[in-house]
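Peer 1: Pasting data.csv here (CSV, N, CA and C atoms):
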```csv
chain,number,residue,atom,x,y,z
A,3,LEU,N,9.6,-16.7,2.8
A,3,LEU,CA,9.7,-15.8,1.7
A,3,LEU,C,11.1,-15.2,1.6
A,4,TYR,N,11.6,-14.7,2.7
A,4,TYR,CA,12.9,-14.0,2.7
A,4,TYR,C,13.9,-15.1,2.3
A,5,GLY,N,15.0,-14.7,1.6
A,5,GLY,CA,16.0,-15.6,1.3
A,5,GLY,C,15.8,-16.3,-0.1
A,6,MET,N,14.6,-16.3,-0.6
A,6,MET,CA,14.4,-16.9,-1.9
A,6,MET,C,14.8,-15.9,-3.0
A,7,LYS,N,15.2,-16.5,-4.1
A,7,LYS,CA,15.6,-15.6,-5.2
A,7,LYS,C,14.5,-14.7,-5.7
A,8,GLN,N,13.3,-15.3,-5.7
A,8,GLN,CA,12.1,-14.5,-6.2
A,8,GLN,C,11.3,-13.9,-5.1
A,9,ALA,N,11.8,-13.7,-3.9
A,9,ALA,CA,11.1,-13.2,-2.8
A,9,ALA,C,10.5,-11.8,-3.1
A,10,SER,N,11.3,-10.9,-3.6
A,10,SER,CA,10.8,-9.5,-3.9
A,10,SER,C,9.7,-9.5,-4.9
A,11,ARG,N,9.7,-10.3,-5.9
A,11,ARG,CA,8.6,-10.4,-6.9
A,11,ARG,C,7.4,-11.0,-6.2
A,12,MET,N,7.5,-12.0,-5.4
A,12,MET,CA,6.4,-12.6,-4.7
A,12,MET,C,5.8,-11.6,-3.8
A,13,TRP,N,6.6,-10.9,-3.0
A,13,TRP,CA,6.1,-9.9,-2.1
A,13,TRP,C,5.3,-8.8,-2.9
A,14,TYR,N,5.9,-8.3,-4.0
A,14,TYR,CA,5.2,-7.3,-4.8
A,14,TYR,C,3.9,-7.8,-5.3
A,15,ASN,N,3.8,-9.0,-5.8
A,15,ASN,CA,2.6,-9.6,-6.4
A,15,ASN,C,1.5,-9.7,-5.3
A,16,GLU,N,1.9,-10.1,-4.1
A,16,GLU,CA,0.9,-10.2,-3.0
A,16,GLU,C,0.4,-8.8,-2.6
A,17,LEU,N,1.3,-7.9,-2.4
A,17,LEU,CA,0.9,-6.5,-2.0
A,17,LEU,C,0.1,-5.9,-3.1
A,18,ASP,N,0.4,-6.1,-4.4
A,18,ASP,CA,-0.4,-5.6,-5.5
A,18,ASP,C,-1.8,-6.1,-5.4
A,19,LYS,N,-2.0,-7.3,-5.2
A,19,LYS,CA,-3.3,-7.9,-5.1
A,19,LYS,C,-4.1,-7.3,-4.0
A,20,VAL,N,-3.5,-7.0,-2.8
A,20,VAL,CA,-4.2,-6.4,-1.7
A,20,VAL,C,-4.6,-5.0,-2.0
A,21,LEU,N,-3.7,-4.2,-2.6
A,21,LEU,CA,-3.9,-2.8,-2.9
A,21,LEU,C,-5.0,-2.7,-4.0
A,22,ARG,N,-5.0,-3.6,-4.9
A,22,ARG,CA,-6.1,-3.5,-6.0
A,22,ARG,C,-7.5,-3.8,-5.4
A,23,GLU,N,-7.5,-4.6,-4.3
A,23,GLU,CA,-8.8,-4.8,-3.6
A,23,GLU,C,-9.4,-3.5,-3.1
A,24,LEU,N,-8.5,-2.6,-2.8
A,24,LEU,CA,-8.9,-1.3,-2.3
A,24,LEU,C,-9.1,-0.3,-3.5
A,25,ASN,N,-9.2,-0.8,-4.7
A,25,ASN,CA,-9.3,0.1,-5.9
A,25,ASN,C,-8.1,1.0,-6.1
A,26,LEU,N,-7.0,0.6,-5.6
A,26,LEU,CA,-5.7,1.4,-5.9
A,26,LEU,C,-5.1,0.8,-7.1
A,27,ILE,N,-4.6,1.6,-8.0
A,27,ILE,CA,-3.9,1.1,-9.2
A,27,ILE,C,-2.5,1.7,-9.2
A,28,PRO,N,-1.5,0.9,-9.8
A,28,PRO,CA,-0.2,1.4,-9.9
A,28,PRO,C,-0.1,2.5,-10.9
A,29,LEU,N,0.8,3.5,-10.7
A,29,LEU,CA,1.0,4.5,-11.7
A,29,LEU,C,1.7,3.9,-12.9
A,30,GLN,N,1.5,4.4,-14.0
A,30,GLN,CA,2.0,3.9,-15.3
A,30,GLN,C,3.5,3.9,-15.3
A,31,TYR,N,4.1,4.9,-14.7
A,31,TYR,CA,5.6,5.0,-14.8
A,31,TYR,C,6.3,4.7,-13.6
A,32,ASP,N,5.6,4.3,-12.5
A,32,ASP,CA,6.3,4.0,-11.3
A,32,ASP,C,5.4,2.9,-10.6
A,33,ARG,N,5.8,1.7,-10.6
A,33,ARG,CA,5.0,0.6,-10.1
A,33,ARG,C,5.0,0.5,-8.6
A,34,CYS,N,5.8,1.4,-7.9
A,34,CYS,CA,5.9,1.4,-6.5
A,34,CYS,C,5.0,2.5,-5.9
A,35,ALA,N,4.2,3.2,-6.8
A,35,ALA,CA,3.3,4.2,-6.3
A,35,ALA,C,1.9,3.8,-6.9
A,36,TYR,N,0.9,3.9,-6.0
A,36,TYR,CA,-0.5,3.5,-6.3
A,36,TYR,C,-1.3,4.8,-6.0
A,37,GLN,N,-2.5,4.9,-6.7
A,37,GLN,CA,-3.4,5.9,-6.5
A,37,GLN,C,-4.8,5.4,-6.7
A,38,THR,N,-5.8,6.0,-6.2
A,38,THR,CA,-7.2,5.7,-6.5
A,38,THR,C,-7.5,6.1,-7.9
A,39,GLU,N,-8.4,5.4,-8.5
A,39,GLU,CA,-8.9,5.8,-9.8
A,39,GLU,C,-9.6,7.1,-9.7
A,40,PRO,N,-9.3,8.1,-10.6
A,40,PRO,CA,-9.9,9.4,-10.5
A,40,PRO,C,-11.4,9.3,-10.6
A,41,ALA,N,-11.9,8.4,-11.4
A,41,ALA,CA,-13.4,8.4,-11.7
A,41,ALA,C,-14.2,7.5,-10.7
A,42,ASN,N,-13.6,6.9,-9.8
A,42,ASN,CA,-14.4,6.0,-8.9
A,42,ASN,C,-15.2,6.7,-7.8
A,43,GLY,N,-15.0,7.9,-7.6
A,43,GLY,CA,-15.7,8.7,-6.5
A,43,GLY,C,-15.3,8.4,-5.1
A,44,GLN,N,-14.2,7.7,-4.9
A,44,GLN,CA,-13.8,7.4,-3.5
A,44,GLN,C,-12.9,8.6,-3.1
A,45,HIS,N,-12.5,8.6,-1.8
A,45,HIS,CA,-11.6,9.6,-1.3
A,45,HIS,C,-10.2,9.3,-2.0
A,46,TRP,N,-9.6,10.4,-2.4
A,46,TRP,CA,-8.3,10.4,-3.0
A,46,TRP,C,-7.3,9.8,-2.1
A,47,SER,N,-6.4,9.0,-2.6
A,47,SER,CA,-5.3,8.5,-1.8
A,47,SER,C,-4.1,8.0,-2.7
A,48,ILE,N,-2.9,8.1,-2.1
A,48,ILE,CA,-1.7,7.6,-2.7
A,48,ILE,C,-1.0,6.7,-1.8
A,49,VAL,N,-0.5,5.6,-2.3
A,49,VAL,CA,0.3,4.6,-1.5
A,49,VAL,C,1.7,4.5,-2.2
A,50,LEU,N,2.7,4.8,-1.4
A,50,LEU,CA,4.1,4.7,-1.9
A,50,LEU,C,4.8,3.5,-1.2
A,51,ILE,N,5.5,2.7,-2.0
A,51,ILE,CA,6.1,1.5,-1.4
A,51,ILE,C,7.6,1.6,-1.7
A,52,PHE,N,8.4,1.2,-0.6
A,52,PHE,CA,9.8,1.1,-0.7
A,52,PHE,C,10.2,-0.2,0.0
A,53,VAL,N,10.5,-1.2,-0.7
A,53,VAL,CA,10.8,-2.6,-0.2
A,53,VAL,C,9.6,-3.0,0.6
A,54,ASP,N,9.8,-3.0,2.0
A,54,ASP,CA,8.7,-3.4,2.8
A,54,ASP,C,8.2,-2.3,3.7
A,55,ASP,N,8.4,-1.0,3.3
A,55,ASP,CA,7.9,0.1,4.0
A,55,ASP,C,6.9,0.8,3.1
A,56,ILE,N,5.8,1.2,3.7
A,56,ILE,CA,4.6,1.8,2.9
A,56,ILE,C,4.2,3.1,3.5
A,57,LEU,N,4.0,4.1,2.7
A,57,LEU,CA,3.5,5.4,3.1
A,57,LEU,C,2.2,5.6,2.5
A,58,VAL,N,1.2,5.9,3.3
A,58,VAL,CA,-0.2,6.1,2.8
A,58,VAL,C,-0.5,7.6,3.0
A,59,ILE,N,-1.0,8.2,1.9
A,59,ILE,CA,-1.3,9.7,1.9
A,59,ILE,C,-2.7,9.8,1.4
A,60,GLY,N,-3.5,10.6,2.1
A,60,GLY,CA,-4.9,10.9,1.6
A,60,GLY,C,-5.8,11.4,2.7
A,61,MET,N,-7.1,11.3,2.5
A,61,MET,CA,-8.0,11.7,3.5
A,61,MET,C,-7.9,10.7,4.7
A,62,LYS,N,-8.2,11.2,5.9
A,62,LYS,CA,-8.0,10.4,7.1
A,62,LYS,C,-8.7,9.1,7.0
A,63,GLU,N,-10.0,9.1,6.6
A,63,GLU,CA,-10.8,7.9,6.5
A,63,GLU,C,-10.2,6.9,5.6
A,64,ARG,N,-9.7,7.3,4.4
A,64,ARG,CA,-9.2,6.4,3.4
A,64,ARG,C,-7.8,5.9,3.9
A,65,VAL,N,-7.0,6.7,4.6
A,65,VAL,CA,-5.7,6.2,5.1
A,65,VAL,C,-6.0,5.1,6.1
A,66,GLN,N,-6.9,5.3,7.0
A,66,GLN,CA,-7.3,4.3,8.0
A,66,GLN,C,-7.8,3.0,7.4
A,67,GLU,N,-8.6,3.1,6.3
A,67,GLU,CA,-9.1,2.0,5.6
A,67,GLU,C,-7.9,1.1,5.0
A,68,VAL,N,-7.0,1.8,4.4
A,68,VAL,CA,-5.8,1.1,3.8
A,68,VAL,C,-5.0,0.5,4.9
A,69,ALA,N,-4.7,1.3,5.9
A,69,ALA,CA,-3.9,0.8,7.0
A,69,ALA,C,-4.5,-0.4,7.7
A,70,ASN,N,-5.8,-0.4,7.9
A,70,ASN,CA,-6.5,-1.5,8.6
A,70,ASN,C,-6.4,-2.8,7.8
A,71,LEU,N,-6.6,-2.6,6.4
A,71,LEU,CA,-6.5,-3.8,5.6
A,71,LEU,C,-5.1,-4.4,5.6
A,72,LEU,N,-4.1,-3.5,5.5
A,72,LEU,CA,-2.7,-4.0,5.6
A,72,LEU,C,-2.4,-4.7,6.9
A,73,ARG,N,-2.9,-4.2,8.0
A,73,ARG,CA,-2.7,-4.8,9.3
A,73,ARG,C,-3.4,-6.2,9.4
A,74,ARG,N,-4.6,-6.3,8.8
A,74,ARG,CA,-5.3,-7.6,8.8
A,74,ARG,C,-4.6,-8.6,8.0
A,75,ARG,N,-4.1,-8.2,6.8
A,75,ARG,CA,-3.5,-9.1,5.9
A,75,ARG,C,-2.0,-9.5,6.2
A,76,PHE,N,-1.3,-8.6,6.7
A,76,PHE,CA,0.1,-8.8,7.0
A,76,PHE,C,0.5,-8.5,8.4
A,77,ASN,N,1.6,-8.8,8.8
A,77,ASN,CA,2.1,-8.5,10.2
A,77,ASN,C,2.7,-7.1,10.0
A,78,ALA,N,1.8,-6.1,10.1
A,78,ALA,CA,2.2,-4.7,9.8
A,78,ALA,C,2.1,-3.9,11.1
A,79,LYS,N,3.1,-3.0,11.2
A,79,LYS,CA,3.2,-2.1,12.3
A,79,LYS,C,3.0,-0.6,11.8
A,80,GLU,N,2.1,0.1,12.5
A,80,GLU,CA,1.8,1.5,12.1
A,80,GLU,C,2.8,2.4,12.8
A,81,VAL,N,3.4,3.3,12.0
A,81,VAL,CA,4.3,4.3,12.5
A,81,VAL,C,3.7,5.7,12.2
A,82,THR,N,3.3,6.5,13.2
A,82,THR,CA,2.7,7.8,12.9
A,82,THR,C,3.3,8.9,13.7
A,83,ASN,N,3.3,10.1,13.2
A,83,ASN,CA,3.7,11.2,13.9
A,83,ASN,C,2.6,12.3,14.0
A,84,GLY,N,1.4,11.9,13.6
A,84,GLY,CA,0.3,12.8,13.7
A,84,GLY,C,0.0,13.5,12.3
A,85,ARG,N,0.9,13.5,11.4
A,85,ARG,CA,0.8,14.1,10.1
A,85,ARG,C,0.7,13.0,9.0
A,86,TYR,N,1.3,11.9,9.2
A,86,TYR,CA,1.2,10.8,8.2
A,86,TYR,C,1.3,9.5,8.9
A,87,ILE,N,0.9,8.5,8.2
A,87,ILE,CA,0.9,7.1,8.7
A,87,ILE,C,1.8,6.3,7.8
A,88,GLY,N,2.8,5.7,8.3
A,88,GLY,CA,3.7,4.8,7.6
A,88,GLY,C,3.4,3.3,8.1
A,89,ILE,N,3.5,2.4,7.2
A,89,ILE,CA,3.3,1.0,7.5
A,89,ILE,C,4.6,0.3,7.3
A,90,THR,N,5.1,-0.5,8.3
A,90,THR,CA,6.3,-1.3,8.2
A,90,THR,C,5.9,-2.7,8.3
A,91,MET,N,6.3,-3.5,7.4
A,91,MET,CA,6.1,-5.0,7.5
A,91,MET,C,7.2,-5.6,8.2
A,92,GLU,N,6.8,-6.5,9.1
A,92,GLU,CA,7.8,-7.2,10.0
A,92,GLU,C,8.0,-8.6,9.5
```
Any chance you could put this one into structure tokens?
Peer 2:
Amino acid sequence: LYGMKQASRMWYNELDKVLRELNLIPLQYDRCAYQTEPANGQHWSIVLIFVDDILVIGMKERVQEVANLLRRRFNAKEVTNGRYIGITME
């Protein structure tokens, strides 16, 4: 994937598909920020993306759910300091 002209677009499309499986939708004005639908009754969460770094914010259970799926789908490494969890793709 790396080195291809369309690599960043392919990466975004794949990540978008996975995040939508978790009922996360991109914000209208920033496609690198996702949130849960307000009406779906799930725990609130926000996912922020910067290239291949991901920051997950929300209730502990929801953050773990998102992190677990990303680890299963991608070669992801969790970086935490006790206050937040960041996901780095390798």
Peer 1: Determine the nearest neighbour of Leu26 of chain A from the options A:Val81, A:Val58, A:Ala9, A:Val49, counting all atoms listed in the file.
Peer 2: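 The shortest atom-to-atom distance to Leu26 of chain A comes from A:Val49.
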Peer 1: For the atom pair atom N of Arg75 of chain A and atom N of Ile56 of chain A, what is the interatomic distance in Å to one decimal place?
Peer 2: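 Answer for the atom N of Arg75 of chain A to atom N of Ile56 of chain A separation: 14.0 Å.
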Peer 1: Could you please determine the separation between atom C of Asn15 of chain A and atom N of Gly60 of chain A in Å, to one decimal place?
Peer 2: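 Interatomic distance here is 22.2 Å.
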Peer 1: Work out how far atom CA of Arg74 of chain A is from atom C of Val20 of chain A, in Å to one decimal.
Peer 2: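 The value is 11.1 Å.
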Peer 1: Quick one: residues within 8 Å of (8.6, 4.8, -4.2) (file frame), counting all atoms listed in the file, please, as a ChimeraX atom specification.
Peer 2: /A:32-36,49-53
Peer 1: Would you mind listing what lies within 8 Å of Ser47 of chain A as a PyMOL selection string, with only C-alpha atoms counted and same-chain residues fewer than 6 positions away left out?
Peer 2: chain A and resi 37-38+58-61+64-65
